[in-house]
>>> print(open('structure-v7.cif').read())   # mmCIF, C-alpha atoms
data_structure
#
loop_
_atom_site.group_PDB
_atom_site.id
_atom_site.type_symbol
_atom_site.label_atom_id
_atom_site.label_comp_id
_atom_site.auth_asym_id
_atom_site.auth_seq_id
_atom_site.Cartn_x
_atom_site.Cartn_y
_atom_site.Cartn_z
ATOM 1 C CA MET J 1 73.232 -18.740 191.537
ATOM 2 C CA ALA J 2 75.433 -20.454 194.109
ATOM 3 C CA THR J 3 74.744 -19.762 197.774
ATOM 4 C CA CYS J 4 78.335 -18.597 198.293
ATOM 5 C CA VAL J 5 77.729 -15.628 195.931
ATOM 6 C CA TYR J 6 74.906 -14.392 198.145
ATOM 7 C CA GLU J 7 77.073 -14.875 201.226
ATOM 8 C CA ILE J 8 79.941 -12.901 199.677
ATOM 9 C CA ALA J 9 77.594 -10.059 198.668
ATOM 10 C CA GLU J 10 75.996 -9.941 202.122
ATOM 11 C CA SER J 11 79.394 -10.030 203.840
ATOM 12 C CA THR J 12 80.782 -7.278 201.595
ATOM 13 C CA LEU J 13 77.840 -4.985 202.241
ATOM 14 C CA GLY J 14 78.159 -5.651 205.960
ATOM 15 C CA ARG J 15 81.831 -4.581 205.915
ATOM 16 C CA ILE J 16 80.955 -1.432 203.955
ATOM 17 C CA MET J 17 78.293 -0.491 206.510
ATOM 18 C CA SER J 18 80.728 -1.092 209.373
ATOM 19 C CA ASP J 19 83.590 0.860 207.767
ATOM 20 C CA LEU J 20 81.393 3.891 207.011
ATOM 21 C CA TRP J 21 81.331 4.836 210.711
ATOM 22 C CA ARG J 22 85.078 5.562 210.557
ATOM 23 C CA TYR J 23 84.783 8.175 207.815
ATOM 24 C CA SER J 24 84.085 11.849 208.392
ATOM 25 C CA GLN J 25 82.268 12.010 205.059
ATOM 26 C CA VAL J 26 80.930 9.525 202.509
ATOM 27 C CA ASP J 27 83.006 9.219 199.355
ATOM 28 C CA LYS J 28 81.249 9.933 196.078
ATOM 29 C CA PRO J 29 82.043 6.481 194.543
ATOM 30 C CA LEU J 30 79.665 5.003 197.117
ATOM 31 C CA ASP J 31 76.786 6.550 195.181
ATOM 32 C CA ASN J 32 77.393 3.963 192.462
ATOM 33 C CA VAL J 33 77.188 1.164 195.040
ATOM 34 C CA LEU J 34 73.830 2.439 196.287
ATOM 35 C CA LYS J 35 72.624 2.753 192.705
ATOM 36 C CA LYS J 36 73.504 -0.888 192.038
ATOM 37 C CA VAL J 37 71.728 -1.981 195.202
ATOM 38 C CA LEU J 38 68.585 -0.087 194.167
ATOM 39 C CA GLN J 39 68.776 -1.624 190.678
ATOM 40 C CA LEU J 40 69.046 -5.064 192.255
ATOM 41 C CA LYS J 41 65.993 -4.336 194.390
ATOM 42 C CA THR J 42 64.047 -3.243 191.293
ATOM 43 C CA GLN J 43 65.136 -6.331 189.383
ATOM 44 C CA LEU J 44 64.023 -8.670 192.168
ATOM 45 C CA GLU J 45 60.607 -6.996 192.362
ATOM 46 C CA VAL J 46 60.077 -7.267 188.603
ATOM 47 C CA GLN J 47 61.560 -10.736 188.338
ATOM 48 C CA LYS J 48 59.212 -12.080 191.023
ATOM 49 C CA VAL J 49 56.153 -10.954 189.051
ATOM 50 C CA LEU J 50 57.450 -12.215 185.697
ATOM 51 C CA GLN J 51 58.498 -15.592 187.108
ATOM 52 C CA GLU J 52 55.092 -16.136 188.721
ATOM 53 C CA ASN J 53 53.343 -15.495 185.412
ATOM 54 C CA ALA J 54 55.867 -17.576 183.456
ATOM 55 C CA ARG J 55 55.095 -20.550 185.700
ATOM 56 C CA LEU J 56 51.384 -19.922 185.286
ATOM 57 C CA LEU J 57 51.634 -19.919 181.487
ATOM 58 C CA LYS J 58 53.554 -23.193 181.478
ATOM 59 C CA GLN J 59 51.301 -24.933 184.008
ATOM 60 C CA GLN J 60 47.879 -23.785 182.788
ATOM 61 C CA PRO J 61 46.481 -26.134 180.070
ATOM 62 C CA ILE J 62 46.503 -24.408 176.692
ATOM 63 C CA ASP J 63 42.786 -25.113 176.157
ATOM 64 C CA GLN J 64 41.769 -23.513 179.469
ATOM 65 C CA PRO J 65 41.556 -19.755 180.062
ATOM 66 C CA LEU J 66 44.071 -18.072 182.296
ATOM 67 C CA PRO J 67 42.829 -17.343 185.845
ATOM 68 C CA ARG J 68 41.987 -13.893 187.199
ATOM 69 C CA GLN J 69 40.890 -12.757 183.731
ATOM 70 C CA GLN J 70 44.494 -12.188 182.736
ATOM 71 C CA ALA J 71 43.607 -12.399 179.045
ATOM 72 C CA VAL J 72 41.311 -9.403 179.588
ATOM 73 C CA ARG J 73 44.332 -7.527 180.961
ATOM 74 C CA VAL J 74 45.945 -7.916 177.542
ATOM 75 C CA LYS J 75 42.894 -6.340 175.891
ATOM 76 C CA HIS J 76 42.950 -3.366 178.280
ATOM 77 C CA LEU J 77 46.678 -2.876 177.711
ATOM 78 C CA MET J 78 46.195 -2.892 173.928
ATOM 79 C CA LYS J 79 43.454 -0.281 174.283
ATOM 80 C CA PHE J 80 45.798 1.818 176.412
ATOM 81 C CA VAL J 81 48.639 1.471 173.914
ATOM 82 C CA PHE J 82 46.784 1.842 170.602
ATOM 83 C CA GLU J 83 43.516 3.649 171.327
ATOM 84 C CA GLN J 84 43.822 6.092 174.184
ATOM 85 C CA LYS J 85 45.665 9.384 174.307
ATOM 86 C CA SER J 86 47.152 9.198 177.760
ATOM 87 C CA ARG J 87 48.816 11.746 179.993
ATOM 88 C CA GLN J 88 51.491 9.079 180.387
ATOM 89 C CA LYS J 89 52.589 9.681 176.798
ATOM 90 C CA GLU J 90 56.225 8.753 177.477
ATOM 91 C CA LYS J 91 55.242 5.356 178.864
ATOM 92 C CA GLN J 92 52.779 4.843 176.037
ATOM 93 C CA GLU J 93 55.458 5.461 173.416
ATOM 94 C CA LYS J 94 57.845 3.011 175.100
ATOM 95 C CA LEU J 95 55.127 0.335 175.162
ATOM 96 C CA ARG J 96 54.475 0.835 171.453
ATOM 97 C CA ARG J 97 58.072 -0.054 170.684
ATOM 98 C CA LEU J 98 57.772 -3.473 172.329
ATOM 99 C CA THR J 99 57.500 -6.628 170.247
ATOM 100 C CA CYS J 100 54.024 -8.187 170.086
ATOM 101 C CA ASN J 101 54.735 -11.038 172.491
ATOM 102 C CA SER J 102 56.517 -8.714 174.917
ATOM 103 C CA LEU J 103 53.377 -6.584 175.034
ATOM 104 C CA VAL J 104 51.178 -9.658 175.478
ATOM 105 C CA PHE J 105 53.278 -11.021 178.337
ATOM 106 C CA LEU J 106 53.389 -7.577 179.937
ATOM 107 C CA GLY J 107 49.571 -7.462 179.789
ATOM 108 C CA ILE J 108 49.370 -10.903 181.402
ATOM 109 C CA SER J 109 51.749 -9.879 184.181
ATOM 110 C CA TYR J 110 50.546 -6.328 184.983
ATOM 111 C CA ASN J 111 47.254 -4.491 184.704
ATOM 112 C CA VAL J 112 47.130 -1.007 183.176
ATOM 113 C CA LYS J 113 46.744 0.708 186.564
ATOM 114 C CA ALA J 114 49.910 -0.955 187.869
ATOM 115 C CA LEU J 115 51.888 0.144 184.803
ATOM 116 C CA TYR J 116 50.375 3.626 184.954
ATOM 117 C CA GLU J 117 51.442 4.095 188.584
ATOM 118 C CA MET J 118 54.752 2.219 188.328
ATOM 119 C CA ARG J 119 57.928 4.100 189.241
ATOM 120 C CA ILE J 120 59.944 5.112 186.165
ATOM 121 C CA PRO J 121 63.054 3.032 187.093
ATOM 122 C CA GLU J 122 60.916 -0.079 187.529
ATOM 123 C CA PHE J 123 58.914 0.627 184.359
ATOM 124 C CA ASP J 124 62.067 1.166 182.298
ATOM 125 C CA PHE J 125 63.595 -2.017 183.662
ATOM 126 C CA VAL J 126 60.521 -4.044 182.656
ATOM 127 C CA VAL J 127 60.376 -2.552 179.161
ATOM 128 C CA HIS J 128 64.096 -3.040 178.511
ATOM 129 C CA ASN J 129 64.289 -6.615 179.782
ATOM 130 C CA ILE J 130 60.943 -8.326 179.174
ATOM 131 C CA GLU J 131 61.828 -9.588 175.694
ATOM 132 C CA LYS J 132 65.082 -11.102 176.999
ATOM 133 C CA PHE J 133 63.116 -12.756 179.818
ATOM 134 C CA ILE J 134 60.693 -14.312 177.294
ATOM 135 C CA GLN J 135 63.574 -15.701 175.246
ATOM 136 C CA GLN J 136 65.511 -17.059 178.227
ATOM 137 C CA HIS J 137 62.443 -18.861 179.595
ATOM 138 C CA ASN J 138 61.146 -20.047 176.177
ATOM 139 C CA LEU J 139 57.719 -18.452 176.655
ATOM 140 C CA ASN J 140 56.873 -17.572 173.054
ATOM 141 C CA ASP J 141 54.781 -20.678 172.308
ATOM 142 C CA TYR J 142 52.840 -20.444 175.573
ATOM 143 C CA MET J 143 51.312 -17.083 174.661
ATOM 144 C CA TYR J 144 49.382 -18.441 171.684
ATOM 145 C CA ARG J 145 46.233 -19.446 173.540
ATOM 146 C CA LYS J 146 42.565 -19.261 172.552
ATOM 147 C CA ASP J 147 41.683 -16.783 175.304
ATOM 148 C CA ILE J 148 44.577 -14.497 174.294
ATOM 149 C CA ASP J 149 43.771 -14.796 170.570
ATOM 150 C CA ARG J 150 40.135 -13.954 171.277
ATOM 151 C CA VAL J 151 40.887 -10.602 172.900
ATOM 152 C CA ILE J 152 43.629 -9.656 170.439
ATOM 153 C CA ASN J 153 41.543 -10.348 167.343
ATOM 154 C CA GLN J 154 38.621 -8.171 168.369
ATOM 155 C CA GLN J 155 38.045 -4.790 166.756
ATOM 156 C CA PHE J 156 39.873 -1.821 168.282
ATOM 157 C CA GLU J 157 38.705 1.765 167.757
ATOM 158 C CA VAL J 158 41.846 3.301 166.297
ATOM 159 C CA ASP J 159 41.350 6.676 164.611
ATOM 160 C CA ASP J 160 44.901 7.946 164.156
ATOM 161 C CA ASP J 161 46.745 6.682 161.047
ATOM 162 C CA ASP J 162 49.970 6.086 162.981
ATOM 163 C CA ASP J 163 48.108 4.142 165.663
ATOM 164 C CA SER J 164 46.369 2.093 162.979
ATOM 165 C CA ARG J 165 49.706 1.297 161.315
ATOM 166 C CA LEU J 166 51.263 0.240 164.623
ATOM 167 C CA LEU J 167 48.285 -1.997 165.426
ATOM 168 C CA LYS J 168 48.501 -3.681 162.018
ATOM 169 C CA GLU J 169 52.231 -4.270 162.492
ATOM 170 C CA PHE J 170 51.507 -5.761 165.922
ATOM 171 C CA LEU J 171 48.883 -8.176 164.520
ATOM 172 C CA LYS J 172 51.057 -9.129 161.568
ATOM 173 C CA GLN J 173 54.052 -9.831 163.779
ATOM 174 C CA ARG J 174 51.921 -12.044 166.014
ATOM 175 C CA ILE J 175 50.854 -14.088 162.973
ATOM 176 C CA GLU J 176 54.458 -14.443 161.801
ATOM 177 C CA LEU J 177 55.685 -15.575 165.222
ATOM 178 C CA ARG J 178 52.893 -18.096 165.780
ATOM 179 C CA PRO J 179 54.572 -21.444 166.547
ATOM 180 C CA LEU J 180 54.516 -24.316 164.073
ATOM 181 C CA LYS J 181 52.108 -26.988 165.282
ATOM 182 C CA ARG J 182 51.450 -29.034 162.154
ATOM 183 C CA LYS J 183 53.534 -32.012 161.088
ATOM 184 C CA PHE J 184 55.497 -31.628 157.884
ATOM 185 C CA VAL J 185 57.608 -33.990 155.824
ATOM 186 C CA ASP J 186 61.281 -33.351 156.442
ATOM 187 C CA ASP J 187 62.321 -31.734 153.158
ATOM 188 C CA ARG J 188 65.692 -30.406 154.224
ATOM 189 C CA ARG J 189 67.355 -32.784 151.736
ATOM 190 C CA PRO J 190 66.365 -32.097 148.101
ATOM 191 C CA GLU J 191 64.666 -35.013 146.362
ATOM 192 C CA PRO J 192 65.427 -35.702 142.683
ATOM 193 C CA LEU J 193 62.550 -35.614 140.205
ATOM 194 C CA GLY J 194 63.793 -38.580 138.178
ATOM 195 C CA GLY J 195 62.019 -41.870 137.616
ATOM 196 C CA ASP J 196 63.891 -43.889 140.249
ATOM 197 C CA ASN J 197 62.702 -44.879 143.703
ATOM 198 C CA THR J 198 63.962 -41.618 145.228
ATOM 199 C CA SER J 199 61.561 -39.404 143.246
ATOM 200 C CA LEU J 200 59.040 -37.226 145.071
ATOM 201 C CA GLY J 201 56.480 -39.390 146.853
ATOM 202 C CA SER J 202 57.511 -42.533 144.944
ATOM 203 C CA THR J 203 58.667 -44.626 147.912
ATOM 204 C CA VAL J 204 56.088 -46.511 149.929
ATOM 205 C CA ASP J 205 57.193 -44.877 153.163
ATOM 206 C CA GLY J 206 57.096 -41.428 151.574
ATOM 207 C CA VAL J 207 53.574 -41.921 150.237
ATOM 208 C CA GLN J 208 52.307 -43.265 153.551
ATOM 209 C CA GLU J 209 53.885 -40.395 155.430
ATOM 210 C CA ARG J 210 52.334 -37.818 153.132
ATOM 211 C CA GLN J 211 48.935 -39.505 153.168
ATOM 212 C CA ALA J 212 48.988 -39.648 156.959
ATOM 213 C CA GLU J 213 49.385 -35.864 157.062
ATOM 214 C CA ILE J 214 46.469 -35.060 154.752
ATOM 215 C CA PRO J 215 43.212 -34.442 156.635
ATOM 216 C CA THR J 216 40.099 -35.940 155.060
ATOM 217 C CA MET J 217 38.104 -33.334 153.189
ATOM 218 C CA SER J 218 35.363 -33.507 150.614
ATOM 219 C CA ILE J 219 36.032 -31.855 147.261
ATOM 220 C CA PRO J 220 34.714 -28.286 147.493
ATOM 221 C CA SER J 221 31.900 -27.138 145.237
ATOM 222 C CA THR J 222 32.410 -24.314 142.757
ATOM 223 C CA ASP J 223 30.274 -21.960 144.860
ATOM 224 C CA SER J 224 32.445 -22.523 147.909
ATOM 225 C CA LEU J 225 35.507 -21.234 146.007
ATOM 226 C CA THR J 226 33.989 -17.820 145.253
ATOM 227 C CA GLY J 227 34.152 -14.731 147.454
ATOM 228 C CA ALA J 228 36.106 -11.575 148.193
ATOM 229 C CA VAL J 229 39.775 -11.789 147.163
ATOM 230 C CA TYR J 230 42.652 -10.176 149.055
ATOM 231 C CA GLN J 231 46.297 -9.758 148.064
ATOM 232 C CA LEU J 232 48.705 -11.559 150.404
ATOM 233 C CA THR J 233 52.471 -11.368 150.632
ATOM 234 C CA ILE J 234 54.911 -14.272 150.768
ATOM 235 C CA LYS J 235 55.296 -13.640 154.498
ATOM 236 C CA ASP J 236 51.521 -13.882 154.898
ATOM 237 C CA ALA J 237 51.548 -17.254 153.135
ATOM 238 C CA GLN J 238 54.407 -18.452 155.329
ATOM 239 C CA ALA J 239 52.505 -17.340 158.413
ATOM 240 C CA ILE J 240 49.507 -19.418 157.298
ATOM 241 C CA THR J 241 51.528 -22.595 156.759
ATOM 242 C CA MET J 242 53.229 -22.182 160.143
ATOM 243 C CA SER J 243 49.991 -21.579 162.051
ATOM 244 C CA ASP J 244 47.428 -23.913 163.584
ATOM 245 C CA HIS J 245 44.626 -22.225 161.615
ATOM 246 C CA ILE J 246 44.609 -24.599 158.626
ATOM 247 C CA ARG J 247 41.202 -26.240 158.279
ATOM 248 C CA GLY J 248 41.057 -29.335 156.079
ATOM 249 C CA GLY J 249 43.075 -30.611 153.159
ATOM 250 C CA ILE J 250 45.519 -28.616 151.046
ATOM 251 C CA TRP J 251 44.894 -28.848 147.291
ATOM 252 C CA LEU J 252 47.272 -28.414 144.357
ATOM 253 C CA THR J 253 45.574 -27.407 141.115
ATOM 254 C CA ASN J 254 47.585 -28.108 137.965
ATOM 255 C CA THR J 255 45.753 -25.832 135.528
ATOM 256 C CA TYR J 256 44.829 -26.980 132.011
ATOM 257 C CA ASN J 257 45.236 -23.450 130.663
ATOM 258 C CA MET J 258 48.964 -22.973 130.111
ATOM 259 C CA ASN J 259 48.523 -19.196 130.435
ATOM 260 C CA PHE J 260 47.773 -19.623 134.149
ATOM 261 C CA PRO J 261 50.312 -21.194 136.547
ATOM 262 C CA PRO J 262 49.397 -23.983 138.977
ATOM 263 C CA PHE J 263 48.175 -22.841 142.374
ATOM 264 C CA VAL J 264 47.583 -24.188 145.883
ATOM 265 C CA THR J 265 44.358 -23.911 147.894
ATOM 266 C CA ILE J 266 44.711 -23.799 151.690
ATOM 267 C CA PRO J 267 41.495 -23.594 153.735
ATOM 268 C CA ILE J 268 41.985 -21.512 156.876
ATOM 269 C CA SER J 269 39.943 -20.562 159.922
ATOM 270 C CA GLN J 270 37.465 -17.691 159.802
ATOM 271 C CA GLU J 271 39.496 -16.046 162.548
ATOM 272 C CA MET J 272 42.634 -15.849 160.419
ATOM 273 C CA SER J 273 40.606 -14.817 157.359
ATOM 274 C CA ASP J 274 39.071 -11.899 159.266
ATOM 275 C CA ARG J 275 42.515 -10.844 160.418
ATOM 276 C CA PHE J 276 43.897 -10.708 156.865
ATOM 277 C CA ALA J 277 40.737 -8.987 155.578
ATOM 278 C CA THR J 278 41.356 -6.067 157.931
ATOM 279 C CA GLN J 279 45.015 -5.723 156.920
ATOM 280 C CA CYS J 280 45.293 -6.621 153.235
ATOM 281 C CA LEU J 281 44.278 -4.989 149.979
ATOM 282 C CA GLN J 282 41.066 -6.328 148.460
ATOM 283 C CA ILE J 283 41.316 -7.099 144.741
ATOM 284 C CA ASN J 284 38.504 -5.780 142.538
ATOM 285 C CA PHE J 285 37.971 -7.972 139.451
ATOM 286 C CA SER J 286 34.909 -6.076 138.218
ATOM 287 C CA SER J 287 37.084 -3.724 136.147
ATOM 288 C CA GLU J 288 38.578 -6.549 134.071
ATOM 289 C CA PRO J 289 37.582 -6.675 130.379
ATOM 290 C CA GLY J 290 34.688 -8.907 129.580
ATOM 291 C CA VAL J 291 33.243 -8.863 133.093
#
>>> encode(input="structure-v7.cif", output="structure tokens")
Amino acid sequence: MATCVYEIAESTLGRIMSDLWRYSQVDKPLDNVLKKVLQLKTQLEVQKVLQENARLLKQQPIDQPLPRQQAVRVKHLMKFVFEQKSRQKEKQEKLRRLTCNSLVFLGISYNVKALYEMRIPEFDFVVHNIEKFIQQHNLNDYMYRKDIDRVINQQFEVDDDDDSRLLKEFLKQRIELRPLKRKFVDDRRPEPLGGDNTSLGSTVDGVQERQAEIPTMSIPSTDSLTGAVYQLTIKDAQAITMSDHIRGGIWLTNTYNMNFPPFVTIPISQEMSDRFATQCLQINFSSEPGV
């Protein structure tokens, strides 16, 4: 904001203060002026805290934990939001309506005690504006850190069905919003499947580019492909491909049995597997005929 704007605001308020001495009573419209001034004061107090933590997120190396155990703050806030039945029920309900990254950034910026004791106007201002602040300062990617993931992916003692549903939605949304960190071939232009040099992977550059992306991985044994099976959605699959949890090469199996369609195998981290296992339906194959 230009310096002249501050000077105009300061000068205007000074004239108002000076003119008030001439009046026998204060006009009612002045109440709105005072309200705006108080809102500005609240905004500056909140903005100072959020800006300090935004700078910290951008400056702290992604592979190093945040100082002052700020990741632990996120864990305590999640417990307050999803586990505890608080006397501050109104605040708790407002926090539950926040997006996942808004709640994470709020936990980084404030501890539970500060939010618990915060004045309602200041609390409401934070809740209503924190998502906009994250977007304006491009903070989404900076909140996907190992120390944050570690506290979010732990088990929470949620007994109520509604609380359990909200927690699952929170975890699922965090997976879906995880930034893309892997390199992909630019496939925005469709490639013909004919026999010419423009066919899929037929050009030398195309083959080299694809081969450069494929991590080296030994062919898995049959035993390593067995285990508990869970039903995923298309969004779950998209979340996997857009995450940094892929471990090893991705395999396409073109089945010999024409009754079964081809399928893709994507090895993922144990962390992501555990997350899906707690949210998704496990498929029971023992009831199939002949088993």
>>> atom_distance(input="structure-v7.cif", atom1="CA of Arg178 in chain J", atom2="CA of Cys100 in chain J")
10.9 Å
>>> residues_around(input="structure-v7.cif", residues="Asp236 in chain J", least_positions_apart="4", cutoff="9 Å", atoms="all atoms listed in the file", output="VMD selection string")
chain J and resid 172 175 to 176 232 240 to 241 276
>>> resolve_selection(input="structure-v7.cif", expression="the PyMOL selection byres ((chain J and resi 124) around 12)", output="PyMOL selection string")
chain J and resi 39+42-43+46+90-95+98+115+118-123+125-130
>>> closest_residue(input="structure-v7.cif", among="J:Phe82, J:Trp21, J:Tyr6, J:Phe260", to="Gln155 in chain J", atoms="only C-alpha atoms")
J:Phe82
>>> atom_distance(input="structure-v7.cif", atom1="CA of Asp19 in chain J", atom2="CA of Val5 in chain J")
21.1 Å
>>> residues_around(input="structure-v7.cif", residues="Val229 in chain J", least_positions_apart="5", cutoff="9 Å", atoms="only C-alpha atoms", output="list in words")
Ala277, Leu281, Gln282, Ile283, Asn284 and Phe285 of chain J
>>> residues_near_point(input="structure-v7.cif", point="(46.1, -17.4, 178.9)", cutoff="12 Å", atoms="all atoms listed in the file", output="PDB file with C-alpha atoms, in the coordinates of the input")
ATOM      1  CA  ASN J  53      53.343 -15.495 185.412  1.00  0.00           C
ATOM      2  CA  ALA J  54      55.867 -17.576 183.456  1.00  0.00           C
ATOM      3  CA  ARG J  55      55.095 -20.550 185.700  1.00  0.00           C
ATOM      4  CA  LEU J  56      51.384 -19.922 185.286  1.00  0.00           C
ATOM      5  CA  LEU J  57      51.634 -19.919 181.487  1.00  0.00           C
ATOM      6  CA  LYS J  58      53.554 -23.193 181.478  1.00  0.00           C
ATOM      7  CA  GLN J  59      51.301 -24.933 184.008  1.00  0.00           C
ATOM      8  CA  GLN J  60      47.879 -23.785 182.788  1.00  0.00           C
ATOM      9  CA  PRO J  61      46.481 -26.134 180.070  1.00  0.00           C
ATOM     10  CA  ILE J  62      46.503 -24.408 176.692  1.00  0.00           C
ATOM     11  CA  ASP J  63      42.786 -25.113 176.157  1.00  0.00           C
ATOM     12  CA  GLN J  64      41.769 -23.513 179.469  1.00  0.00           C
ATOM     13  CA  PRO J  65      41.556 -19.755 180.062  1.00  0.00           C
ATOM     14  CA  LEU J  66      44.071 -18.072 182.296  1.00  0.00           C
ATOM     15  CA  PRO J  67      42.829 -17.343 185.845  1.00  0.00           C
ATOM     16  CA  ARG J  68      41.987 -13.893 187.199  1.00  0.00           C
ATOM     17  CA  GLN J  69      40.890 -12.757 183.731  1.00  0.00           C
ATOM     18  CA  GLN J  70      44.494 -12.188 182.736  1.00  0.00           C
ATOM     19  CA  ALA J  71      43.607 -12.399 179.045  1.00  0.00           C
ATOM     20  CA  VAL J  72      41.311  -9.403 179.588  1.00  0.00           C
ATOM     21  CA  ARG J  73      44.332  -7.527 180.961  1.00  0.00           C
ATOM     22  CA  VAL J  74      45.945  -7.916 177.542  1.00  0.00           C
ATOM     23  CA  LYS J  75      42.894  -6.340 175.891  1.00  0.00           C
ATOM     24  CA  VAL J 104      51.178  -9.658 175.478  1.00  0.00           C
ATOM     25  CA  PHE J 105      53.278 -11.021 178.337  1.00  0.00           C
ATOM     26  CA  GLY J 107      49.571  -7.462 179.789  1.00  0.00           C
ATOM     27  CA  ILE J 108      49.370 -10.903 181.402  1.00  0.00           C
ATOM     28  CA  SER J 109      51.749  -9.879 184.181  1.00  0.00           C
ATOM     29  CA  LEU J 139      57.719 -18.452 176.655  1.00  0.00           C
ATOM     30  CA  ASP J 141      54.781 -20.678 172.308  1.00  0.00           C
ATOM     31  CA  TYR J 142      52.840 -20.444 175.573  1.00  0.00           C
ATOM     32  CA  MET J 143      51.312 -17.083 174.661  1.00  0.00           C
ATOM     33  CA  TYR J 144      49.382 -18.441 171.684  1.00  0.00           C
ATOM     34  CA  ARG J 145      46.233 -19.446 173.540  1.00  0.00           C
ATOM     35  CA  LYS J 146      42.565 -19.261 172.552  1.00  0.00           C
ATOM     36  CA  ASP J 147      41.683 -16.783 175.304  1.00  0.00           C
ATOM     37  CA  ILE J 148      44.577 -14.497 174.294  1.00  0.00           C
ATOM     38  CA  ASP J 149      43.771 -14.796 170.570  1.00  0.00           C
ATOM     39  CA  ARG J 150      40.135 -13.954 171.277  1.00  0.00           C
ATOM     40  CA  VAL J 151      40.887 -10.602 172.900  1.00  0.00           C
ATOM     41  CA  ILE J 152      43.629  -9.656 170.439  1.00  0.00           C
TER      42      ILE J 152
END
>>> atom_distance(input="structure-v7.cif", atom1="CA of Gln279 in chain J", atom2="CA of Val112 in chain J")
26.8 Å
>>> closest_residue(input="structure-v7.cif", among="J:Ser243, J:Gln136, J:Thr255, J:Asn32", to="Pro179 in chain J", atoms="all atoms listed in the file")
J:Ser243
>>> closest_residue(input="structure-v7.cif", among="J:Val158, J:Gln238, J:Asn153, J:Phe133", to="Glu271 in chain J", atoms="all atoms listed in the file")
J:Asn153
>>> residues_around(input="structure-v7.cif", residues="Ser269 in chain J", least_positions_apart="2", cutoff="7 Å", atoms="all atoms listed in the file", output="list in words")
His245, Ile246, Arg247, Glu271, Met272 and Ser273 of chain J
>>> axis_aligned_box(input="structure-v7.cif", around="range 51-56 of chain J", padding_each_side="8 Å", output="AutoDock Vina command-line options")
--center_x 54.9 --center_y -18.0 --center_z 186.1 --size_x 23.1 --size_y 21.1 --size_z 21.3
>>> closest_residue(input="structure-v7.cif", among="J:Leu106, J:Glu157, J:Leu171, J:Glu117", to="Gln88 in chain J", atoms="only C-alpha atoms")
J:Glu117
>>> residues_around(input="structure-v7.cif", residues="Asp163 in chain J", least_positions_apart="4", cutoff="9 Å", atoms="all atoms listed in the file", output="list in words")
Val81, Phe82, Glu83, Val158, Asp159, Leu167 and Lys168 of chain J
>>> write_last_selection(input="structure-v7.cif", atoms="C-alpha atoms", output="CSV table (one decimal), keeping the file's coordinate frame")
chain,number,residue,atom,x,y,z
J,81,VAL,CA,48.6,1.5,173.9
J,82,PHE,CA,46.8,1.8,170.6
J,83,GLU,CA,43.5,3.6,171.3
J,158,VAL,CA,41.8,3.3,166.3
J,159,ASP,CA,41.4,6.7,164.6
J,167,LEU,CA,48.3,-2.0,165.4
J,168,LYS,CA,48.5,-3.7,162.0
>>> closest_residue(input="structure-v7.cif", among="J:Trp251, J:Phe263, J:Tyr230, J:Tyr23", to="Arg275 in chain J", atoms="only C-alpha atoms")
J:Tyr230
